[in-house]
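Structure below is model.cif: mmCIF, C-alpha atoms and all ligand atoms.
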data_target
#
loop_
_atom_site.label_atom_id
_atom_site.label_comp_id
_atom_site.auth_asym_id
_atom_site.auth_seq_id
_atom_site.Cartn_x
_atom_site.Cartn_y
_atom_site.Cartn_z
CA MET A 27 -16.38 68.16 -51.90
CA MET A 28 -15.64 64.59 -50.82
CA VAL A 29 -12.13 64.94 -52.16
CA LEU A 30 -11.55 68.11 -50.20
CA LEU A 31 -12.81 66.53 -46.97
CA ARG A 32 -10.63 63.52 -47.51
CA ARG A 33 -7.58 65.61 -48.06
CA ARG A 34 -8.13 67.52 -44.88
CA ASP A 35 -8.39 64.13 -43.25
CA ASP A 36 -5.05 62.91 -44.56
CA LEU A 37 -2.46 61.66 -42.11
CA VAL A 38 0.96 63.28 -41.94
CA CYS A 39 4.14 61.22 -41.58
CA GLN A 40 4.54 62.11 -37.92
CA GLN A 41 1.13 60.56 -37.23
CA VAL A 42 1.82 57.56 -39.42
CA VAL A 43 4.86 56.45 -37.43
CA GLU A 44 2.69 56.34 -34.30
CA LEU A 45 0.17 54.05 -35.99
CA VAL A 46 2.64 51.54 -37.39
CA SER A 47 2.35 48.99 -34.58
CA ASP A 48 -1.43 49.14 -34.49
CA TYR A 49 -1.38 48.65 -38.24
CA LEU A 50 0.98 45.67 -38.07
CA GLU A 51 -1.05 44.18 -35.21
CA GLY A 52 -4.23 44.54 -37.23
CA ALA A 53 -5.67 46.78 -34.56
CA LEU A 54 -6.58 49.80 -36.69
CA PRO A 55 -10.28 50.33 -37.34
CA ARG A 56 -11.15 49.94 -40.99
CA SER A 57 -11.44 53.64 -41.80
CA GLU A 58 -8.18 54.40 -40.03
CA ARG A 59 -6.43 51.59 -41.86
CA LYS A 60 -7.60 52.98 -45.18
CA ARG A 61 -6.24 56.40 -44.31
CA PHE A 62 -2.98 54.78 -43.27
CA GLU A 63 -2.68 52.81 -46.50
CA ARG A 64 -3.61 55.84 -48.58
CA HIS A 65 -0.75 57.75 -47.00
CA LEU A 66 1.64 54.86 -47.65
CA ARG A 67 0.76 54.76 -51.34
CA ALA A 68 1.75 58.40 -51.67
CA CYS A 69 4.74 58.42 -49.33
CA PRO A 70 7.94 56.45 -50.08
CA ASN A 71 9.47 57.58 -46.78
CA CYS A 72 6.75 56.09 -44.60
CA THR A 73 6.76 53.00 -46.81
CA ALA A 74 10.49 52.68 -46.06
CA TYR A 75 9.77 53.29 -42.37
CA LEU A 76 7.19 50.51 -42.25
CA GLU A 77 9.64 48.20 -43.95
CA GLN A 78 12.32 49.11 -41.42
CA MET A 79 9.93 48.24 -38.61
CA ARG A 80 9.17 44.91 -40.24
CA VAL A 81 12.89 44.20 -40.51
CA THR A 82 13.40 45.20 -36.87
CA ILE A 83 10.69 42.80 -35.71
CA ALA A 84 11.93 39.99 -37.96
CA THR A 85 15.49 40.47 -36.70
CA ALA A 86 14.31 40.24 -33.10
CA GLY A 87 12.52 37.00 -33.97
CA ARG A 88 15.74 35.52 -35.34
CA LEU A 89 17.87 36.09 -32.27
CA THR A 90 19.33 32.79 -31.25
CA PRO A 91 19.50 31.70 -27.62
CA ASP A 92 22.84 31.96 -25.88
CA ASP A 93 24.55 28.62 -25.55
CA LEU A 94 24.42 27.05 -22.16
CA SER A 95 27.89 26.75 -20.66
CA PRO A 96 29.13 23.22 -19.87
CA GLU A 97 29.04 24.15 -16.17
CA ALA A 98 25.41 25.19 -16.43
CA ARG A 99 24.54 21.98 -18.29
CA GLU A 100 26.09 19.99 -15.51
CA GLU A 101 24.39 22.04 -12.83
CA PHE A 102 20.96 21.59 -14.41
CA THR A 103 21.53 17.88 -14.88
CA ASP A 104 22.23 17.61 -11.16
CA LEU A 105 19.25 19.76 -10.28
CA PHE A 106 17.02 17.65 -12.49
CA ARG A 107 18.09 14.49 -10.71
CA SER A 108 17.47 15.97 -7.30
CA TRP A 109 14.06 17.37 -8.26
CA ARG A 110 13.00 14.05 -9.71
CA ALA A 111 14.27 12.25 -6.63
CA ASP A 112 12.15 14.51 -4.43
CA GLY A 113 9.13 13.39 -6.39
CA PRO A 114 6.40 15.62 -7.70
CA GLY A 115 5.79 18.39 -5.23
CA ALA A 116 3.33 21.21 -5.34
CA PRO A 117 5.09 23.85 -7.36
CA ASP A 118 2.25 26.35 -7.43
CA MET B 29 15.50 20.51 -34.21
CA GLU B 30 13.19 18.72 -31.83
CA SER B 31 9.98 20.54 -30.98
CA ASP B 32 9.15 21.61 -27.44
CA VAL B 33 6.33 19.09 -27.40
CA GLU B 34 8.67 16.23 -28.28
CA LEU B 35 11.15 17.31 -25.64
CA LEU B 36 8.36 17.61 -23.13
CA ALA B 37 7.21 14.07 -23.83
CA ARG B 38 10.73 12.84 -23.17
CA LEU B 39 10.96 14.99 -20.07
CA ARG B 40 7.84 13.29 -18.71
CA ASP B 41 9.69 10.01 -19.07
CA GLY B 42 12.52 11.39 -17.00
CA ASP B 43 14.93 12.11 -19.86
CA GLU B 44 17.51 14.52 -18.48
CA GLN B 45 18.95 15.31 -21.91
CA ALA B 46 15.56 16.57 -23.00
CA PHE B 47 15.42 18.75 -19.90
CA VAL B 48 18.86 20.24 -20.47
CA THR B 49 17.97 20.92 -24.11
CA LEU B 50 14.88 22.84 -23.01
CA VAL B 51 16.94 24.77 -20.49
CA GLY B 52 19.42 25.65 -23.23
CA ARG B 53 16.59 26.83 -25.42
CA TYR B 54 14.95 29.13 -22.90
CA GLN B 55 17.39 29.97 -20.14
CA GLY B 56 18.56 33.24 -21.71
CA SER B 57 15.03 34.42 -22.43
CA LEU B 58 13.82 33.48 -18.97
CA LEU B 59 16.68 35.34 -17.32
CA ARG B 60 16.00 38.43 -19.41
CA VAL B 61 12.30 38.46 -18.63
CA ALA B 62 12.93 37.69 -14.96
CA ARG B 63 15.36 40.55 -14.79
CA THR B 64 12.57 43.02 -15.64
CA PHE B 65 10.88 42.06 -12.37
CA VAL B 66 13.75 41.71 -9.94
CA PRO B 67 16.60 44.01 -9.01
CA SER B 68 19.62 41.80 -9.66
CA ASP B 69 20.98 39.03 -11.86
CA ALA B 70 21.38 36.82 -8.80
CA VAL B 71 17.70 37.07 -7.87
CA ALA B 72 16.73 36.53 -11.51
CA GLU B 73 18.75 33.31 -11.54
CA GLU B 74 16.97 32.10 -8.42
CA VAL B 75 13.59 32.85 -9.93
CA VAL B 76 14.51 31.05 -13.14
CA GLN B 77 15.84 28.02 -11.32
CA ASP B 78 12.63 27.95 -9.35
CA THR B 79 10.74 28.09 -12.64
CA TRP B 80 12.57 25.04 -13.97
CA MET B 81 11.78 23.19 -10.79
CA GLY B 82 8.13 24.07 -11.39
CA VAL B 83 8.44 22.65 -14.90
CA VAL B 84 9.99 19.36 -13.76
CA ARG B 85 7.49 18.88 -10.97
CA GLY B 86 4.47 20.18 -12.85
CA VAL B 87 5.09 18.65 -16.27
CA ASP B 88 2.37 16.06 -15.75
CA ARG B 89 -0.12 18.81 -15.16
CA PHE B 90 0.71 20.61 -18.39
CA GLU B 91 -2.26 19.92 -20.61
CA GLY B 92 -1.12 21.60 -23.78
CA ARG B 93 -3.97 24.06 -23.89
CA SER B 94 -1.39 26.79 -24.35
CA SER B 95 2.04 26.37 -25.91
CA PHE B 96 4.85 25.16 -23.70
CA LYS B 97 6.43 28.59 -24.04
CA THR B 98 3.38 30.36 -22.72
CA TRP B 99 3.12 27.92 -19.85
CA LEU B 100 6.81 28.38 -19.08
CA PHE B 101 6.65 32.16 -19.02
CA ARG B 102 3.47 32.07 -16.97
CA ILE B 103 5.29 30.05 -14.31
CA LEU B 104 8.21 32.47 -14.47
CA VAL B 105 6.10 35.59 -14.08
CA ASN B 106 4.18 34.03 -11.18
CA ARG B 107 7.44 33.10 -9.47
CA ALA B 108 8.91 36.51 -10.11
CA ARG B 109 5.86 38.20 -8.61
CA THR B 110 5.64 35.98 -5.56
CA SER B 111 9.31 36.60 -4.92
CA GLY B 112 7.77 39.92 -3.98
CA VAL B 113 10.63 42.08 -5.05
CA ARG B 114 8.90 44.47 -7.34
CA GLU B 115 5.29 45.09 -8.10
CA HIS B 116 5.42 47.19 -11.18
CA ARG B 117 2.01 46.70 -12.70
CA HIS B 118 0.82 50.08 -11.58
CA VAL B 119 3.60 52.02 -13.26
CA SER B 120 1.95 54.24 -15.80
CA ILE B 121 2.78 53.99 -19.45
CA ASP B 122 4.46 56.98 -20.91
CA SER B 123 2.34 57.53 -23.98
CA THR B 124 4.02 60.79 -24.85
CA GLU B 125 7.34 59.31 -25.90
CA PRO B 126 7.39 59.68 -29.70
CA ALA B 127 8.27 56.77 -31.98
CA VAL B 128 10.55 59.05 -33.93
CA GLY B 129 12.18 62.24 -32.63
CA PRO B 130 10.33 65.43 -33.60
CA ASP B 131 13.50 66.83 -35.15
CA ARG B 132 13.12 64.30 -37.97
CA PHE B 133 9.99 66.04 -39.27
CA ASP B 134 9.38 69.39 -40.88
CA GLY B 135 6.80 71.93 -39.72
CA ASN B 136 4.04 70.06 -41.54
CA GLY B 137 4.81 66.72 -39.92
CA ALA B 138 6.45 65.29 -43.06
CA TRP B 139 9.87 63.62 -43.01
CA ALA B 140 12.52 66.34 -43.19
CA GLU B 141 15.07 64.02 -44.83
CA PRO B 142 14.28 61.09 -47.11
CA LEU B 143 14.30 57.65 -45.52
CA SER B 144 16.04 54.80 -47.24
CA PRO B 145 14.56 51.33 -47.11
CA TRP B 146 16.56 48.49 -45.55
CA GLU B 147 15.29 45.72 -47.78
CA SER B 148 18.58 45.32 -49.59
CA ASP B 149 20.37 45.00 -46.27
CA VAL B 150 18.19 42.32 -44.75
CA ASP B 151 19.99 39.28 -46.02
CA ASP B 152 23.59 40.27 -46.02
CA ARG B 153 23.76 42.82 -43.28
CA LEU B 154 20.95 43.02 -40.76
CA VAL B 155 20.45 39.36 -40.20
CA ALA B 156 24.15 38.64 -40.28
CA ALA B 157 25.51 37.28 -37.03
CA SER B 158 27.05 40.66 -36.25
CA TRP B 159 23.56 42.10 -35.73
CA GLY B 160 22.64 39.84 -32.88
CA PRO B 161 24.75 41.59 -30.25
CA ALA B 162 23.63 45.09 -31.30
CA LEU B 163 19.98 44.17 -31.13
CA ARG B 164 20.45 42.23 -27.90
CA ALA B 165 22.07 45.26 -26.31
CA ALA B 166 19.27 47.46 -27.59
CA ILE B 167 16.65 45.15 -26.09
CA ASP B 168 18.54 44.98 -22.79
CA GLY B 169 18.48 48.78 -22.78
CA LEU B 170 14.69 49.07 -23.08
CA PRO B 171 12.67 50.13 -20.04
CA GLY B 172 11.48 47.04 -18.12
CA ARG B 173 7.89 46.88 -19.26
CA GLN B 174 8.69 47.49 -22.92
CA ARG B 175 11.45 44.93 -22.62
CA GLU B 176 9.22 42.15 -21.31
CA VAL B 177 6.61 42.72 -24.00
CA VAL B 178 9.21 42.84 -26.80
CA LEU B 179 10.91 39.71 -25.46
CA LEU B 180 7.72 37.69 -25.23
CA ARG B 181 6.06 38.95 -28.36
CA ASP B 182 8.85 39.59 -30.87
CA VAL B 183 11.79 37.51 -29.65
CA GLU B 184 9.79 34.51 -28.40
CA GLY B 185 6.90 35.00 -30.78
CA LEU B 186 4.10 34.42 -28.27
CA PRO B 187 0.63 35.32 -29.53
CA SER B 188 -0.67 38.67 -28.40
CA ASP B 189 -3.40 37.13 -26.19
CA ASP B 190 -0.84 34.98 -24.39
CA VAL B 191 1.43 37.94 -23.71
CA CYS B 192 -1.47 39.87 -22.19
CA GLU B 193 -2.45 36.91 -20.06
CA VAL B 194 1.08 36.11 -18.87
CA LEU B 195 1.85 39.70 -17.96
CA GLY B 196 -1.64 40.57 -16.78
CA ILE B 197 -1.98 43.61 -19.01
CA THR B 198 -4.64 44.78 -21.43
CA GLU B 199 -4.42 44.45 -25.18
CA GLY B 200 -4.19 48.23 -25.46
CA ASN B 201 -1.35 48.51 -22.96
CA GLN B 202 0.50 45.76 -24.71
CA ARG B 203 0.30 47.55 -28.02
CA VAL B 204 1.55 50.81 -26.54
CA LEU B 205 4.50 49.05 -24.88
CA LEU B 206 5.27 47.09 -28.01
CA HIS B 207 5.11 50.23 -30.10
CA ARG B 208 7.52 52.14 -27.87
CA GLY B 209 9.88 49.19 -27.67
CA ARG B 210 9.92 48.43 -31.36
CA SER B 211 10.32 52.09 -32.23
CA ARG B 212 13.37 52.33 -29.99
CA LEU B 213 14.88 49.20 -31.50
CA ARG B 214 14.37 50.55 -34.99
CA THR B 215 16.13 53.75 -34.01
CA VAL B 216 19.07 51.79 -32.62
CA LEU B 217 19.37 49.68 -35.77
CA GLU B 218 19.12 52.80 -37.89
CA SER B 219 21.98 54.54 -36.12
CA GLU B 220 23.93 51.29 -36.15
CA LEU B 221 23.57 51.17 -39.94
CA GLN B 222 24.75 54.75 -40.20
CA THR B 223 27.72 54.14 -37.93
CA ARG B 224 28.82 51.13 -39.91
CA GLY B 225 28.46 53.00 -43.17
CA ARG B 226 26.44 51.80 -46.08
ZN ZN C 1 4.75 59.73 -44.83
#

In structure tokens, what does this structure look like?
Ligand SMILES: [Zn+2]
Amino acid sequence: MMVLLRRRDDLVCQQVVELVSDYLEGALPRSERKRFERHLRACPNCTAYLEQMRVTIATAGRLTPDDLSPEAREEFTDLFRSWRADGPGAPD
Amino acid sequence: MESDVELLARLRDGDEQAFVTLVGRYQGSLLRVARTFVPSDAVAEEVVQDTWMGVVRGVDRFEGRSSFKTWLFRILVNRARTSGVREHRHVSIDSTEPAVGPDRFDGNGAWAEPLSPWESDVDDRLVAASWGPALRAAIDGLPGRQREVVLLRDVEGLPSDDVCEVLGITEGNQRVLLHRGRSRLRTVLESELQTRGR
């Protein structure tokens, strides 16, 4: 009986992909997380999907800042001098 | 690489090299986030310049209760808002946009075609320098609100609480925006992989 209820309760892949962020953010309630993980154990496709999302996020975190052009460096050096010369104002 | 805190200490002492290093570190990110609030690159540049002025003049008031990054983006978002160009907080979140197109699933909601993992590609392919531009373009193509959340959370790595505070959104809204944004980026990387051939 329990087994039958559980099975009816199982997530399908299309639902899993909508829960991935909540899962990664640790925002799924315990019972929901267990259902999610149960699906993953049985589904190599959703396991691959989750991995792809992890890679996507990690890749975004490794983007390097664009280099500042020499002109911009010079401009900001000048700005810095003028702002310091003005003394501390009330920026907010 | 010197930490933000170290650079900030030097900045307090009036070290212009430290300032320019910080600008180099965050200018691109600031411009991208600013651009989600204002209608043109020119206005975004003004807002960002204004933000740096706020940093130089307010550095003594920075108490380190949040990270420098969070403080920096808080100044930016305040400047962007007071520049009064766009108030977009009330725009509703489209929660119907699916993470993955419905055509990818069969009638039972299972994947119609098998999905291959990317693990083997991570080192040599995805993270290779050639991926930067593709992902950058994909992020630039996200709708504004998804873009700002993805930039702050995933690119800059701000904690979730800080992102909510800086943008003035709820935890729940942030997760929805992040989910849509990340899902779109994954789709772009997936098609990029297919285009390049495996
Ligand atoms: Zn599945």

What does the distance from atom CA of A:Gln78 to atom CA of B:Glu218 come to in Å, to one decimal?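 If I compute the distance from atom CA of A:Gln78 to atom CA of B:Glu218, I get 8.5 Å.
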
Show me which bits of chain B are within 7 Å of chain A, counting all atoms listed in the file, as a list in words. Glu44, Val48, Gly52, Arg53, Gly56, Met81, Gly82, Arg85, Gly86, Ala127, Phe133, Gly137, Ala138, Trp139, Pro142, Leu143, Ser144, Pro145, Trp146, Val155, Gly160, Asp182, Val183, Glu184, Gly185, Arg203, His207, Leu213 and Arg214 of chain B

Please return, as a short mmCIF file (atom, residue, chain, number, x, y, z; two decimals) with C-alpha atoms, keeping the file's coordinate frame, all polymer residues that have at least one atom within 10 Å of the point (14.3, 55.0, -28.9); use only C-alpha atoms and the file's own coordinate frame.
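Dumped to result07.cif:
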data_model
loop_
_atom_site.label_atom_id
_atom_site.label_comp_id
_atom_site.auth_asym_id
_atom_site.auth_seq_id
_atom_site.Cartn_x
_atom_site.Cartn_y
_atom_site.Cartn_z
CA GLU B 125 7.34 59.31 -25.90
CA PRO B 126 7.39 59.68 -29.70
CA ALA B 127 8.27 56.77 -31.98
CA VAL B 128 10.55 59.05 -33.93
CA GLY B 129 12.18 62.24 -32.63
CA ALA B 166 19.27 47.46 -27.59
CA GLY B 169 18.48 48.78 -22.78
CA LEU B 170 14.69 49.07 -23.08
CA ARG B 208 7.52 52.14 -27.87
CA GLY B 209 9.88 49.19 -27.67
CA ARG B 210 9.92 48.43 -31.36
CA SER B 211 10.32 52.09 -32.23
CA ARG B 212 13.37 52.33 -29.99
CA LEU B 213 14.88 49.20 -31.50
CA ARG B 214 14.37 50.55 -34.99
CA THR B 215 16.13 53.75 -34.01
CA VAL B 216 19.07 51.79 -32.62
#

Find, counting all atoms listed in the file, the residue in B:Val84, B:Leu59, B:Ala140, B:Ala108 that gets nearest to ligand ZN 1 (chain C).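 The shortest atom-to-atom distance to ligand ZN 1 (chain C) comes from B:Ala140.
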
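Shortest atom-to-atom contact with ligand ZN 1 (chain C) among A:Asp36, A:Lys60, A:Ala111, A:Leu54: A:Asp36, counting all atoms listed in the file.
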
Please report the interatomic distance between atom CA of B:Val105 and atom CA of B:Leu58 in Å with one decimal.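 Taking atom CA of B:Val105 as the start and atom CA of B:Leu58 as the end point, the length is 9.4 Å.
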
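Nearest-residue note for ligand ZN 1 (chain C): choosing from A:Glu63, A:Asp35, A:Pro55, A:Leu50, the minimum distance belongs to A:Glu63, counting only C-alpha atoms and all ligand atoms.
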
Between B:Arg132, B:Arg173, B:Arg181, B:Arg224, which is the closest to ligand ZN 1 (chain C) once you count all atoms listed in the file?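 Closest to ligand ZN 1 (chain C), using all atoms listed in the file: B:Arg132.
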
Min atom-atom distance to ligand ZN 1 (chain C) from the set B:Asp131, B:Glu199, B:Glu141, B:Asp168, counting only C-alpha atoms and all ligand atoms, belongs to B:Glu141
